[in-house]
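*Asks:* The structure that follows is given in the form of structure tokens.
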Amino acid sequence: MASIRLTRPTLEVLKVLLAATPDDPAWGLRICEEADLGSGTVYPILERLVDAGWAVRRAETGEHPGRPKRYFYELTAAGRLATGEARERKPRLFGLRPAGDGGAA
């Protein structure tokens, strides 16, 4: 599995992908809005995550009148594992307190 540089924008995108569920998937514009990042930042990050095997992209199926087709992004098992390892190494970047820092996250 390829390594991803965990910059603050990349971590923000990963947080959105971690919060997404099969019933409420993440797509490009939603990721931009929730991560508070522009599309010129988010889409290259998503491409790197897909290329590295951390995420998969799938096209929306069914009707979508009045708007372009959405592409949904989901972390792979490898991506979830790598993100979990990053959370353990850099908990503050994920808004967590390190273990033994006066409380559970």
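Just remember, in the structure tokens the first chain shown is A, the second B, etc., residues are 1-based per chain, and ligands are 1-based in the order shown.
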List every residue of chain A that DSSP, applied to the backbone, labels as strand (DSSP E), and write the result as number ranges by chain.

*Replies:* A: 26-27, 55-59, 71-75

*Asks:* Name the residues in contact with stretch 18-22 of chain A at a cut-off of 9 Å, using only C-alpha atoms, excluding same-chain residues fewer than 2 positions from it; report them as a PyMOL selection string.

*Replies:* chain A and resi 13-16+24-26+73-75+80+83

*Asks:* By how many Å are atom CA of A:Thr61 and atom CA of A:Thr41 apart?

*Replies:*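 It comes out at 25.8 Å.
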
*Asks:* Can you pull out every residue within 12 Å of A:Ile45, counting only C-alpha atoms, but drop anything in the same chain fewer than 2 positions away, and send it as a PyMOL selection string?

*Replies:* chain A and resi 4-14+17+28+31-32+35+37-43+47-52+54-55+73

*Asks:* I need the alpha helix (DSSP H) residues of chain A per DSSP on the backbone, written as a PyMOL selection string.

*Replies:* chain A and resi 8-19+28-35+39-51+77-89

*Asks:* Can you spit out the residues from that selection as a short mmCIF file (atom, residue, chain, number, x, y, z; two decimals), in the first residue's frame, using C-alpha atoms?

*Replies:*
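Listing of part-v7.cif after writing:
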data_model
loop_
_atom_site.label_atom_id
_atom_site.label_comp_id
_atom_site.auth_asym_id
_atom_site.auth_seq_id
_atom_site.Cartn_x
_atom_site.Cartn_y
_atom_site.Cartn_z
CA ARG A 8 -3.91 18.94 7.59
CA PRO A 9 -6.12 19.07 4.43
CA THR A 10 -5.66 15.32 3.90
CA LEU A 11 -6.61 14.66 7.51
CA GLU A 12 -9.74 16.80 7.12
CA VAL A 13 -10.78 14.75 4.07
CA LEU A 14 -10.08 11.51 5.95
CA LYS A 15 -12.28 12.69 8.85
CA VAL A 16 -15.19 13.23 6.46
CA LEU A 17 -14.66 9.82 4.88
CA LEU A 18 -14.52 8.18 8.32
CA ALA A 19 -17.84 9.77 9.27
CA GLY A 28 -16.98 15.53 -3.75
CA LEU A 29 -18.96 18.68 -2.94
CA ARG A 30 -20.07 17.35 0.42
CA ILE A 31 -16.45 16.55 1.30
CA CYS A 32 -15.43 20.10 0.26
CA GLU A 33 -18.11 21.62 2.46
CA GLU A 34 -17.57 19.41 5.53
CA ALA A 35 -13.79 19.66 5.36
CA SER A 39 -12.35 21.63 -4.74
CA GLY A 40 -8.82 22.34 -6.02
CA THR A 41 -7.54 20.90 -2.74
CA VAL A 42 -10.05 18.09 -2.16
CA TYR A 43 -10.12 16.41 -5.57
CA PRO A 44 -6.34 15.90 -5.81
CA ILE A 45 -6.39 14.44 -2.29
CA LEU A 46 -9.21 12.08 -3.25
CA GLU A 47 -7.29 10.97 -6.35
CA ARG A 48 -4.18 10.28 -4.26
CA LEU A 49 -6.25 8.27 -1.76
CA VAL A 50 -7.79 6.22 -4.58
CA ASP A 51 -4.43 5.70 -6.31
CA ALA A 77 -10.16 -1.65 4.69
CA ALA A 78 -6.53 -0.69 4.05
CA GLY A 79 -7.46 3.00 4.20
CA ARG A 80 -9.31 2.54 7.48
CA LEU A 81 -6.32 0.67 8.93
CA ALA A 82 -3.86 3.34 7.79
CA THR A 83 -6.12 6.11 9.10
CA GLY A 84 -6.45 4.29 12.43
CA GLU A 85 -2.66 4.04 12.67
CA ALA A 86 -2.37 7.75 11.89
CA ARG A 87 -4.92 8.53 14.61
CA GLU A 88 -2.77 6.62 17.10
CA ARG A 89 0.43 8.38 16.00
#
